[in-house]
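Structure file model-v2.pdb; described as PDB, C-alpha atoms and all ligand atoms.
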```pdb
ATOM      1  CA  MET A  28     -34.614  42.280 -20.883
ATOM      2  CA  ARG A  29     -32.602  42.652 -24.085
ATOM      3  CA  VAL A  30     -33.825  40.657 -27.055
ATOM      4  CA  ILE A  31     -31.068  39.459 -29.385
ATOM      5  CA  ARG A  32     -31.850  37.819 -32.695
ATOM      6  CA  SER A  33     -28.434  37.288 -34.249
ATOM      7  CA  SER A  34     -26.157  34.487 -33.062
ATOM      8  CA  LYS A  35     -23.036  36.523 -33.920
ATOM      9  CA  LYS A  36     -24.243  39.411 -31.765
ATOM     10  CA  MET A  37     -25.325  37.081 -28.966
ATOM     11  CA  GLN A  38     -21.932  35.392 -28.906
ATOM     12  CA  ALA A  39     -20.127  38.752 -28.865
ATOM     13  CA  ILE A  40     -22.278  39.967 -25.948
ATOM     14  CA  CYS A  41     -21.771  36.751 -23.972
ATOM     15  CA  LEU A  42     -18.013  36.706 -24.548
ATOM     16  CA  GLY A  43     -17.922  40.342 -23.413
ATOM     17  CA  LEU A  44     -19.839  39.466 -20.235
ATOM     18  CA  LYS A  45     -17.445  36.629 -19.507
ATOM     19  CA  ARG A  46     -14.423  38.893 -19.974
ATOM     20  CA  LYS A  47     -15.976  41.097 -17.281
ATOM     21  CA  GLY A  48     -16.166  38.051 -15.003
ATOM     22  CA  ARG A  49     -19.924  37.606 -15.182
ATOM     23  CA  LYS A  50     -21.256  34.107 -14.600
ATOM     24  CA  ILE A  51     -23.757  33.169 -17.306
ATOM     25  CA  ALA A  52     -26.636  30.803 -16.480
ATOM     26  CA  PHE A  53     -28.520  29.602 -19.538
ATOM     27  CA  VAL A  54     -31.948  28.042 -20.096
ATOM     28  CA  PRO A  55     -32.555  26.790 -23.653
ATOM     29  CA  THR A  56     -36.249  26.418 -24.555
ATOM     30  CA  MET A  57     -38.560  26.044 -27.511
ATOM     31  CA  GLY A  58     -40.967  28.582 -26.006
ATOM     32  CA  ALA A  59     -44.651  28.027 -25.143
ATOM     33  CA  LEU A  60     -43.422  28.616 -21.640
ATOM     34  CA  HIS A  61     -45.097  27.250 -18.528
ATOM     35  CA  GLU A  62     -44.270  26.956 -14.840
ATOM     36  CA  GLY A  63     -41.806  24.168 -15.619
ATOM     37  CA  HIS A  64     -39.692  26.503 -17.754
ATOM     38  CA  LEU A  65     -40.036  29.303 -15.211
ATOM     39  CA  SER A  66     -38.711  26.995 -12.497
ATOM     40  CA  LEU A  67     -35.611  26.482 -14.679
ATOM     41  CA  VAL A  68     -35.231  30.250 -15.067
ATOM     42  CA  ARG A  69     -35.514  30.732 -11.292
ATOM     43  CA  ARG A  70     -32.899  28.041 -10.762
ATOM     44  CA  ALA A  71     -30.641  29.763 -13.313
ATOM     45  CA  ARG A  72     -31.070  33.052 -11.433
ATOM     46  CA  LYS A  73     -29.601  31.385  -8.328
ATOM     47  CA  LEU A  74     -26.682  29.959 -10.299
ATOM     48  CA  GLY A  75     -25.447  32.934 -12.313
ATOM     49  CA  ASP A  76     -25.250  36.734 -12.452
ATOM     50  CA  THR A  77     -26.619  36.932 -16.003
ATOM     51  CA  VAL A  78     -29.593  34.808 -17.004
ATOM     52  CA  VAL A  79     -29.914  34.004 -20.695
ATOM     53  CA  VAL A  80     -32.959  32.224 -22.142
ATOM     54  CA  SER A  81     -33.272  31.082 -25.736
ATOM     55  CA  VAL A  82     -36.574  30.516 -27.495
ATOM     56  CA  PHE A  83     -36.077  28.560 -30.692
ATOM     57  CA  VAL A  84     -38.361  25.900 -32.139
ATOM     58  CA  ASN A  85     -35.585  23.782 -33.555
ATOM     59  CA  PRO A  86     -36.651  22.259 -36.889
ATOM     60  CA  THR A  87     -33.971  19.554 -36.928
ATOM     61  CA  GLN A  88     -35.349  17.776 -33.855
ATOM     62  CA  PHE A  89     -38.748  17.170 -35.465
ATOM     63  CA  ALA A  90     -39.045  14.149 -37.747
ATOM     64  CA  PRO A  91     -41.081  14.487 -40.950
ATOM     65  CA  GLY A  92     -44.787  14.327 -40.094
ATOM     66  CA  GLU A  93     -44.278  15.513 -36.499
ATOM     67  CA  ASP A  94     -45.821  18.655 -35.018
ATOM     68  CA  PHE A  95     -43.174  21.229 -36.036
ATOM     69  CA  ALA A  96     -45.628  23.380 -38.009
ATOM     70  CA  ARG A  97     -48.302  23.409 -35.316
ATOM     71  CA  TYR A  98     -45.929  23.577 -32.317
ATOM     72  CA  PRO A  99     -47.266  26.476 -30.162
ATOM     73  CA  ARG A 100     -45.410  29.776 -30.599
ATOM     74  CA  PRO A 101     -47.034  32.299 -28.195
ATOM     75  CA  LEU A 102     -44.087  34.672 -28.411
ATOM     76  CA  SER A 103     -45.644  37.788 -26.837
ATOM     77  CA  ALA A 104     -46.815  35.818 -23.796
ATOM     78  CA  ASP A 105     -43.390  34.151 -23.525
ATOM     79  CA  LYS A 106     -41.646  37.537 -23.596
ATOM     80  CA  ARG A 107     -43.925  38.877 -20.872
ATOM     81  CA  LEU A 108     -43.235  35.864 -18.637
ATOM     82  CA  LEU A 109     -39.477  36.146 -19.123
ATOM     83  CA  ALA A 110     -39.514  39.889 -18.482
ATOM     84  CA  THR A 111     -41.419  39.244 -15.237
ATOM     85  CA  GLU A 112     -38.699  36.781 -14.236
ATOM     86  CA  LYS A 113     -36.150  39.548 -14.936
ATOM     87  CA  VAL A 114     -34.283  37.521 -17.531
ATOM     88  CA  ASP A 115     -31.306  39.581 -18.731
ATOM     89  CA  LEU A 116     -30.991  38.353 -22.307
ATOM     90  CA  LEU A 117     -33.521  36.630 -24.531
ATOM     91  CA  PHE A 118     -32.003  34.926 -27.561
ATOM     92  CA  LEU A 119     -34.555  34.640 -30.360
ATOM     93  CA  PRO A 120     -32.747  33.407 -33.449
ATOM     94  CA  THR A 121     -34.327  32.545 -36.777
ATOM     95  CA  ALA A 122     -33.861  29.108 -38.307
ATOM     96  CA  SER A 123     -31.756  30.601 -41.097
ATOM     97  CA  ASP A 124     -29.425  32.210 -38.564
ATOM     98  CA  ILE A 125     -28.915  28.917 -36.718
ATOM     99  CA  TYR A 126     -28.751  26.748 -39.839
ATOM    100  CA  SER A 127     -26.967  28.408 -42.744
ATOM    101  CA  THR A 128     -27.868  27.054 -46.189
ATOM    102  CA  ASP A 129     -24.629  25.029 -46.249
ATOM    103  CA  HIS A 130     -25.091  23.634 -42.722
ATOM    104  CA  SER A 131     -23.865  20.036 -42.748
ATOM    105  CA  THR A 132     -22.348  19.441 -39.307
ATOM    106  CA  PHE A 133     -24.359  17.398 -36.826
ATOM    107  CA  VAL A 134     -23.734  15.938 -33.394
ATOM    108  CA  ASP A 135     -24.745  12.338 -32.785
ATOM    109  CA  VAL A 136     -24.508  10.928 -29.264
ATOM    110  CA  GLU A 137     -24.792   7.424 -30.574
ATOM    111  CA  GLU A 138     -25.769   4.819 -28.011
ATOM    112  CA  ILE A 139     -28.011   6.796 -25.700
ATOM    113  CA  SER A 140     -29.858   8.313 -28.682
ATOM    114  CA  SER A 141     -30.787   5.001 -30.246
ATOM    115  CA  ILE A 142     -33.371   3.805 -27.705
ATOM    116  CA  LEU A 143     -36.749   4.998 -26.333
ATOM    117  CA  GLU A 144     -37.409   8.445 -27.858
ATOM    118  CA  GLY A 145     -34.511   7.916 -30.262
ATOM    119  CA  ALA A 146     -36.078   4.711 -31.592
ATOM    120  CA  ALA A 147     -39.529   6.282 -31.845
ATOM    121  CA  ARG A 148     -38.367   9.587 -33.330
ATOM    122  CA  PRO A 149     -35.468   8.943 -35.733
ATOM    123  CA  GLY A 150     -33.130  11.936 -35.926
ATOM    124  CA  HIS A 151     -34.699  13.652 -32.909
ATOM    125  CA  PHE A 152     -31.665  13.476 -30.632
ATOM    126  CA  ARG A 153     -29.272  14.366 -33.447
ATOM    127  CA  GLY A 154     -31.294  17.560 -33.833
ATOM    128  CA  VAL A 155     -31.330  18.226 -30.086
ATOM    129  CA  ALA A 156     -27.611  17.516 -29.644
ATOM    130  CA  THR A 157     -26.704  19.700 -32.622
ATOM    131  CA  VAL A 158     -28.767  22.694 -31.542
ATOM    132  CA  VAL A 159     -27.708  22.431 -27.885
ATOM    133  CA  ALA A 160     -24.041  22.242 -28.958
ATOM    134  CA  LYS A 161     -24.540  25.335 -31.107
ATOM    135  CA  LEU A 162     -26.380  27.204 -28.349
ATOM    136  CA  LEU A 163     -23.650  26.350 -25.833
ATOM    137  CA  ASN A 164     -21.072  27.736 -28.265
ATOM    138  CA  ILE A 165     -23.092  30.900 -28.869
ATOM    139  CA  VAL A 166     -24.047  31.653 -25.245
ATOM    140  CA  CYS A 167     -20.866  30.246 -23.615
ATOM    141  CA  PRO A 168     -22.676  29.617 -20.314
ATOM    142  CA  ASP A 169     -20.979  28.621 -17.084
ATOM    143  CA  VAL A 170     -24.067  26.621 -16.297
ATOM    144  CA  ALA A 171     -27.023  25.427 -18.373
ATOM    145  CA  VAL A 172     -30.278  24.282 -16.769
ATOM    146  CA  PHE A 173     -32.488  21.520 -18.181
ATOM    147  CA  GLY A 174     -35.622  19.836 -16.841
ATOM    148  CA  GLN A 175     -35.746  16.231 -15.620
ATOM    149  CA  LYS A 176     -39.054  15.923 -17.503
ATOM    150  CA  ASP A 177     -37.004  15.103 -20.619
ATOM    151  CA  GLY A 178     -34.933  12.496 -18.808
ATOM    152  CA  GLN A 179     -33.357  10.898 -21.861
ATOM    153  CA  GLN A 180     -32.512  14.308 -23.311
ATOM    154  CA  VAL A 181     -30.776  15.213 -20.046
ATOM    155  CA  ALA A 182     -28.735  11.985 -20.073
ATOM    156  CA  MET A 183     -27.821  12.562 -23.730
ATOM    157  CA  ILE A 184     -26.789  16.201 -23.164
ATOM    158  CA  LYS A 185     -24.670  15.281 -20.146
ATOM    159  CA  SER A 186     -22.881  12.664 -22.257
ATOM    160  CA  MET A 187     -22.351  15.124 -25.104
ATOM    161  CA  VAL A 188     -20.963  17.794 -22.795
ATOM    162  CA  ARG A 189     -18.575  15.242 -21.290
ATOM    163  CA  HIS A 190     -17.568  13.673 -24.630
ATOM    164  CA  LEU A 191     -16.983  16.996 -26.379
ATOM    165  CA  ASN A 192     -15.424  18.817 -23.388
ATOM    166  CA  PHE A 193     -17.890  21.676 -23.243
ATOM    167  CA  PRO A 194     -16.918  23.839 -20.275
ATOM    168  CA  ALA A 195     -20.549  24.333 -19.168
ATOM    169  CA  ARG A 196     -21.937  22.628 -16.050
ATOM    170  CA  ILE A 197     -25.271  20.936 -16.657
ATOM    171  CA  VAL A 198     -27.829  21.329 -13.877
ATOM    172  CA  VAL A 199     -31.033  19.294 -13.889
ATOM    173  CA  ALA A 200     -34.133  20.730 -12.217
ATOM    174  CA  PRO A 201     -37.098  18.643 -11.026
ATOM    175  CA  THR A 202     -40.227  18.167 -13.122
ATOM    176  CA  VAL A 203     -43.029  20.588 -12.289
ATOM    177  CA  ARG A 204     -46.418  18.899 -12.208
ATOM    178  CA  GLU A 205     -50.085  19.848 -12.345
ATOM    179  CA  ARG A 206     -52.141  18.991  -9.261
ATOM    180  CA  SER A 207     -53.211  15.809 -11.075
ATOM    181  CA  GLY A 208     -49.556  14.770 -11.300
ATOM    182  CA  LEU A 209     -49.386  15.382 -15.054
ATOM    183  CA  ALA A 210     -45.965  16.803 -15.961
ATOM    184  CA  MET A 211     -46.154  20.328 -17.331
ATOM    185  CA  SER A 212     -45.375  20.339 -21.035
ATOM    186  CA  SER A 213     -45.862  22.742 -23.914
ATOM    187  CA  ARG A 214     -47.726  19.937 -25.695
ATOM    188  CA  ASN A 215     -50.388  19.904 -22.941
ATOM    189  CA  ARG A 216     -51.785  22.915 -24.824
ATOM    190  CA  TYR A 217     -53.087  20.485 -27.420
ATOM    191  CA  PHE A 218     -55.531  19.040 -24.856
ATOM    192  CA  ASN A 219     -58.866  20.056 -23.341
ATOM    193  CA  GLN A 220     -59.673  19.502 -19.637
ATOM    194  CA  GLU A 221     -61.084  16.033 -20.172
ATOM    195  CA  GLN A 222     -57.978  14.916 -22.089
ATOM    196  CA  LEU A 223     -55.697  16.453 -19.464
ATOM    197  CA  SER A 224     -57.513  14.454 -16.841
ATOM    198  CA  ARG A 225     -56.986  11.207 -18.816
ATOM    199  CA  ALA A 226     -53.293  12.115 -19.302
ATOM    200  CA  SER A 227     -52.784  12.004 -15.539
ATOM    201  CA  CYS A 228     -52.830   8.176 -15.793
ATOM    202  CA  ILE A 229     -49.124   8.411 -16.704
ATOM    203  CA  HIS A 230     -48.248   9.807 -13.308
ATOM    204  CA  ARG A 231     -50.506   7.315 -11.518
ATOM    205  CA  GLY A 232     -48.790   4.509 -13.408
ATOM    206  CA  MET A 233     -45.309   5.695 -12.482
ATOM    207  CA  ARG A 234     -46.332   6.093  -8.848
ATOM    208  CA  ALA A 235     -47.816   2.567  -8.805
ATOM    209  CA  ALA A 236     -44.510   1.249 -10.157
ATOM    210  CA  GLU A 237     -42.574   3.256  -7.593
ATOM    211  CA  ALA A 238     -44.766   1.953  -4.750
ATOM    212  CA  LEU A 239     -44.068  -1.622  -5.810
ATOM    213  CA  ALA A 240     -40.300  -0.984  -5.970
ATOM    214  CA  ILE A 241     -40.372   0.650  -2.557
ATOM    215  CA  ALA A 242     -42.341  -2.318  -1.189
ATOM    216  CA  GLY A 243     -39.396  -4.513  -2.160
ATOM    217  CA  GLU A 244     -40.052  -5.724  -5.716
ATOM    218  CA  VAL A 245     -36.760  -5.918  -7.619
ATOM    219  CA  ASP A 246     -37.925  -7.438 -10.914
ATOM    220  CA  PRO A 247     -38.116  -4.646 -13.549
ATOM    221  CA  ALA A 248     -40.788  -6.611 -15.460
ATOM    222  CA  GLU A 249     -43.084  -6.649 -12.413
ATOM    223  CA  ILE A 250     -42.460  -2.953 -11.759
ATOM    224  CA  GLU A 251     -43.200  -2.149 -15.387
ATOM    225  CA  ALA A 252     -46.402  -4.239 -15.241
ATOM    226  CA  ALA A 253     -47.616  -2.185 -12.269
ATOM    227  CA  ALA A 254     -47.323   1.003 -14.329
ATOM    228  CA  ARG A 255     -48.849  -0.646 -17.385
ATOM    229  CA  SER A 256     -51.939  -1.872 -15.522
ATOM    230  CA  GLU A 257     -52.648   1.665 -14.321
ATOM    231  CA  ILE A 258     -52.087   3.368 -17.705
ATOM    232  CA  GLU A 259     -53.369   0.836 -20.246
ATOM    233  CA  PRO A 260     -57.121   0.883 -19.410
ATOM    234  CA  THR A 261     -57.338   4.666 -19.939
ATOM    235  CA  PRO A 262     -59.466   5.380 -23.055
ATOM    236  CA  GLY A 263     -57.553   6.887 -25.987
ATOM    237  CA  VAL A 264     -54.157   5.958 -24.563
ATOM    238  CA  ARG A 265     -51.644   3.782 -26.392
ATOM    239  CA  ILE A 266     -48.440   2.955 -24.543
ATOM    240  CA  ASP A 267     -45.302   3.277 -26.653
ATOM    241  CA  TYR A 268     -42.915   2.159 -23.919
ATOM    242  CA  ILE A 269     -42.499   1.782 -20.204
ATOM    243  CA  ALA A 270     -38.849   1.177 -19.369
ATOM    244  CA  ILE A 271     -37.067   0.696 -16.060
ATOM    245  CA  LEU A 272     -33.497   1.843 -16.621
ATOM    246  CA  ASP A 273     -30.464   3.337 -14.958
ATOM    247  CA  PRO A 274     -31.415   7.043 -15.098
ATOM    248  CA  ASP A 275     -27.839   8.215 -15.709
ATOM    249  CA  ASP A 276     -26.779   6.103 -18.673
ATOM    250  CA  LEU A 277     -30.127   4.499 -19.583
ATOM    251  CA  ARG A 278     -28.695   1.000 -19.300
ATOM    252  CA  THR A 279     -31.080  -1.921 -18.712
ATOM    253  CA  LEU A 280     -31.372  -3.008 -15.098
ATOM    254  CA  ASP A 281     -31.583  -6.701 -14.231
ATOM    255  CA  ARG A 282     -32.743  -5.883 -10.711
ATOM    256  CA  VAL A 283     -34.031  -2.661  -9.167
ATOM    257  CA  GLU A 284     -31.851  -2.350  -6.131
ATOM    258  CA  GLY A 285     -30.624   1.231  -6.133
ATOM    259  CA  LYS A 286     -31.677   4.299  -8.099
ATOM    260  CA  ALA A 287     -33.873   3.474 -11.107
ATOM    261  CA  GLY A 288     -35.633   5.576 -13.710
ATOM    262  CA  ILE A 289     -39.168   4.748 -14.798
ATOM    263  CA  PHE A 290     -39.494   6.137 -18.330
ATOM    264  CA  VAL A 291     -42.894   6.288 -20.031
ATOM    265  CA  ALA A 292     -44.102   7.374 -23.463
ATOM    266  CA  VAL A 293     -47.734   7.197 -24.491
ATOM    267  CA  TRP A 294     -49.894   8.442 -27.312
ATOM    268  CA  LEU A 295     -53.047  10.148 -26.099
ATOM    269  CA  ASP A 296     -55.538  11.038 -28.822
ATOM    270  CA  GLY A 297     -52.673  11.346 -31.304
ATOM    271  CA  VAL A 298     -50.337  13.416 -29.094
ATOM    272  CA  ARG A 299     -47.129  11.886 -27.776
ATOM    273  CA  LEU A 300     -46.425  12.433 -24.075
ATOM    274  CA  ILE A 301     -43.297  11.441 -22.189
ATOM    275  CA  ASP A 302     -42.527  11.451 -18.495
ATOM    276  CA  ASN A 303     -40.217   9.806 -16.012
ATOM    277  CA  ILE A 304     -39.525   9.568 -12.319
ATOM    278  CA  ILE A 305     -36.478   8.374 -10.471
ATOM    279  CA  VAL A 306     -37.181   5.901  -7.699
ATOM    280  CA  ARG A 307     -34.820   5.244  -4.845
ATOM    281  CA  PRO A 308     -36.005   2.103  -3.095
ATOM    282  CA  SER A 309     -34.246   1.559   0.211
ATOM    283  CA  ARG A 310     -32.216  -1.615   0.579
ATOM    284  CA  ARG A 311     -34.343  -2.756   3.513
ATOM    285  CA  GLY A 312     -37.077  -5.307   2.926
ATOM    286  CA  ARG A 313     -35.863  -6.308  -0.549
ATOM    287  CA  LYS A 314     -37.165  -9.521  -2.102
TER     288      LYS A 314
HETATM  289  O1  LIG A 401     -36.133  20.619 -24.254
HETATM  290  C1  LIG A 401     -36.311  21.437 -25.182
HETATM  291  O2  LIG A 401     -37.150  22.341 -25.114
HETATM  292  C2  LIG A 401     -35.466  21.315 -26.436
HETATM  293  O3  LIG A 401     -35.217  19.991 -26.762
HETATM  294  C3  LIG A 401     -34.155  22.113 -26.360
HETATM  295  C4  LIG A 401     -33.236  21.567 -25.285
HETATM  296  C5  LIG A 401     -34.457  23.581 -26.097
HETATM  297  C6  LIG A 401     -33.407  22.008 -27.697
HETATM  298  O4  LIG A 401     -34.177  22.508 -28.735
END
```
Please render this file's structure as structure tokens.
Amino acid sequence: MRVIRSSKKMQAICLGLKRKGRKIAFVPTMGALHEGHLSLVRRARKLGDTVVVSVFVNPTQFAPGEDFARYPRPLSADKRLLATEKVDLLFLPTASDIYSTDHSTFVDVEEISSILEGAARPGHFRGVATVVAKLLNIVCPDVAVFGQKDGQQVAMIKSMVRHLNFPARIVVAPTVRERSGLAMSSRNRYFNQEQLSRASCIHRGMRAAEALAIAGEVDPAEIEAAARSEIEPTPGVRIDYIAILDPDDLRTLDRVEGKAGIFVAVWLDGVRLIDNIIVRPSRRGRK
């Protein structure tokens, strides 16, 4: 695995690979890798001849007061995991390489970035869109793989790629979960076992909502209430939102009749956790 720290060098290498006809599959990450990330890398391996992973804790997607400073950065462990997965190129830029002192160009995917996480974390999606746009321009991938765990991010990136005509194909891989159902996340490292066990209420809530939708309930408010009643009683948990939306464009649904996304954000002992599932209730037995 070659480790590249300069964006200029990375871009030159990737352009060279493309001239030779290599198909580049790219997984952008902020490190603190877990099985969820590794599943994206394995998916990338199936999609391209050269697998590129970036590890960059992007400062612009953290609002003031968020956990940028304490975000886990276990770089040696990350490198070992990526080497085991036989990643070809690891891109490890510094913040000053990505953001020059005169950096003043940002990407704003307006509508989709203004709700849910966008409302709770002002500037977050502008930071994500900007860094992903830059990474796509540096790595020039044929395909880039993202996790469904960050469902709104995925919808936002797909819109950006379409709006700005990036040539990369965006592939979305399923969320990898602990046995308790808790979605794997780098932020789970902030928790002890007892907290992790309480965090699994999010998954139970989403499954309760899904069960109701599958049983024929079409009213999003009822479906949301099913999730809420499972999550809310958990000690130390404060729900930020539970939203039943079209998973592709995050539009509000009046009735849950086809595919629907159940998006959840909670605070657990001061740590923000997000998750989502996509439910596909059959048309039979609808209310
Ligand atoms: O999902 C993440 O880890 C980050 O938001 C991403 C896409 C790597 C951009 O910093």
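Once A:Ala96 and its same-chain neighbours fewer than 6 positions away are set aside, A:Val84, A:Pro86, A:Phe89 remain within 10 Å of it when counting all atoms listed in the file.
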The PyMOL selection byres (((not hetatm)) within 10 of (chain A and resi 401)) resolved against shown file, as a PDB file with C-alpha atoms, in the coordinates of the input:
```
ATOM      1  CA  VAL A  54     -31.948  28.042 -20.096  1.00  0.00           C
ATOM      2  CA  PRO A  55     -32.555  26.790 -23.653  1.00  0.00           C
ATOM      3  CA  THR A  56     -36.249  26.418 -24.555  1.00  0.00           C
ATOM      4  CA  MET A  57     -38.560  26.044 -27.511  1.00  0.00           C
ATOM      5  CA  GLY A  58     -40.967  28.582 -26.006  1.00  0.00           C
ATOM      6  CA  ALA A  59     -44.651  28.027 -25.143  1.00  0.00           C
ATOM      7  CA  LEU A  60     -43.422  28.616 -21.640  1.00  0.00           C
ATOM      8  CA  HIS A  64     -39.692  26.503 -17.754  1.00  0.00           C
ATOM      9  CA  VAL A  80     -32.959  32.224 -22.142  1.00  0.00           C
ATOM     10  CA  SER A  81     -33.272  31.082 -25.736  1.00  0.00           C
ATOM     11  CA  VAL A  82     -36.574  30.516 -27.495  1.00  0.00           C
ATOM     12  CA  PHE A  83     -36.077  28.560 -30.692  1.00  0.00           C
ATOM     13  CA  VAL A  84     -38.361  25.900 -32.139  1.00  0.00           C
ATOM     14  CA  ASN A  85     -35.585  23.782 -33.555  1.00  0.00           C
ATOM     15  CA  PRO A  86     -36.651  22.259 -36.889  1.00  0.00           C
ATOM     16  CA  THR A  87     -33.971  19.554 -36.928  1.00  0.00           C
ATOM     17  CA  GLN A  88     -35.349  17.776 -33.855  1.00  0.00           C
ATOM     18  CA  PHE A  89     -38.748  17.170 -35.465  1.00  0.00           C
ATOM     19  CA  HIS A 151     -34.699  13.652 -32.909  1.00  0.00           C
ATOM     20  CA  PHE A 152     -31.665  13.476 -30.632  1.00  0.00           C
ATOM     21  CA  GLY A 154     -31.294  17.560 -33.833  1.00  0.00           C
ATOM     22  CA  VAL A 155     -31.330  18.226 -30.086  1.00  0.00           C
ATOM     23  CA  ALA A 156     -27.611  17.516 -29.644  1.00  0.00           C
ATOM     24  CA  THR A 157     -26.704  19.700 -32.622  1.00  0.00           C
ATOM     25  CA  VAL A 158     -28.767  22.694 -31.542  1.00  0.00           C
ATOM     26  CA  VAL A 159     -27.708  22.431 -27.885  1.00  0.00           C
ATOM     27  CA  ALA A 160     -24.041  22.242 -28.958  1.00  0.00           C
ATOM     28  CA  LEU A 162     -26.380  27.204 -28.349  1.00  0.00           C
ATOM     29  CA  VAL A 172     -30.278  24.282 -16.769  1.00  0.00           C
ATOM     30  CA  PHE A 173     -32.488  21.520 -18.181  1.00  0.00           C
ATOM     31  CA  GLY A 174     -35.622  19.836 -16.841  1.00  0.00           C
ATOM     32  CA  GLN A 175     -35.746  16.231 -15.620  1.00  0.00           C
ATOM     33  CA  LYS A 176     -39.054  15.923 -17.503  1.00  0.00           C
ATOM     34  CA  ASP A 177     -37.004  15.103 -20.619  1.00  0.00           C
ATOM     35  CA  GLY A 178     -34.933  12.496 -18.808  1.00  0.00           C
ATOM     36  CA  GLN A 180     -32.512  14.308 -23.311  1.00  0.00           C
ATOM     37  CA  VAL A 181     -30.776  15.213 -20.046  1.00  0.00           C
ATOM     38  CA  ILE A 184     -26.789  16.201 -23.164  1.00  0.00           C
ATOM     39  CA  SER A 212     -45.375  20.339 -21.035  1.00  0.00           C
ATOM     40  CA  SER A 213     -45.862  22.742 -23.914  1.00  0.00           C
TER      41      SER A 213
END
```
- Could you tell me how far atom CA of A:Leu44 lies from atom CA of A:Val198, in Å and to one decimal? 20.8 Å
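For the set A:Leu65, A:Leu74, A:Ala182, A:Ile258, the residue with the smallest atom-to-atom gap to A:Thr111 is A:Leu65, counting all atoms listed in the file.
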- Let me know the residues the PyMOL selection byres (((chain A and resi 287) around 12) and not hetatm) catches in the file above, as a PyMOL selection string. chain A and resi 178+233+236-237+240-241+245-247+250-251+270-286+288-290+303-309
- Write out as a list in words which residues come within 8 Å of A:Ile266 when counting all atoms listed in the file, dropping same-chain ones fewer than 2 positions away. Ile258, Glu259, Val264, Tyr268, Ile269, Val291, Ala292, Val293 and Trp294 of chain A
- Message: Within 12 Å of (-20.4, 13.0, -28.7) (file coordinates; all atoms listed in the file), which protein or nucleic acid residues are there? I'd like them as an MDAnalysis selection string.
- Response: chainID A and resid 133:140 152:153 156:157 159:160 183:193
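Interatomic distance, atom CA of A:His230 to atom CA of A:Gly208: 5.5 Å.
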- Task: Please return, as JSON, numbers by chain, all polymer residues that have at least one atom within 12 Å of the point (-58.2, 13.9, -20.0); use all atoms listed in the file and the file's own coordinate frame.
- Result: {"A": [207, 209, 215, 217, 218, 219, 220, 221, 222, 223, 224, 225, 226, 227, 228, 229, 261, 262, 263, 264, 295, 296]}
- Message: Give me the residues near A:Arg29 as a PyMOL selection string, where near means some atom within 12 Å (using all atoms listed in the file) and where sequence neighbours in that chain fewer than 5 positions away do not count.
- Response: chain A and resi 36-37+40+77-81+106+109-110+113-119
- Mind giving me the straight-line distance from atom CA of A:Ala171 to atom CA of A:Asp302 in Å, one decimal? 20.9 Å
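Among A:Pro149, A:Ala210, A:Pro194, A:Leu67, the residue with the shortest atom-to-atom distance to A:Pro91, counting all atoms listed in the file, is A:Pro149.
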Mind working out the centre and edge lengths of an axis-aligned box for stretch 261-280 of chain A, all listed atoms inside, 3 Å added to each side, rounded to one decimal in Å and written as JSON?
```
{"center_x": -43.1, "center_y": 2.6, "center_z": -20.8, "size_x": 38.7, "size_y": 17.2, "size_z": 17.7}
```
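The residue that comes closest to A:Ala252, out of A:Ala104, A:Gly232, A:Asp267, A:Arg204 and on the basis of only C-alpha atoms, is A:Gly232.
Ranking A:Arg255, A:Ala235, A:Arg214, A:Pro168 by their shortest atom-to-atom distance to A:Leu42, with only C-alpha atoms included, puts A:Pro168 first.
Restricting the calculation to all atoms listed in the file, the smallest distance between A:Arg32 and any of A:Ala71, A:Leu300, A:Ile125, A:Ala90 is found for A:Ile125.
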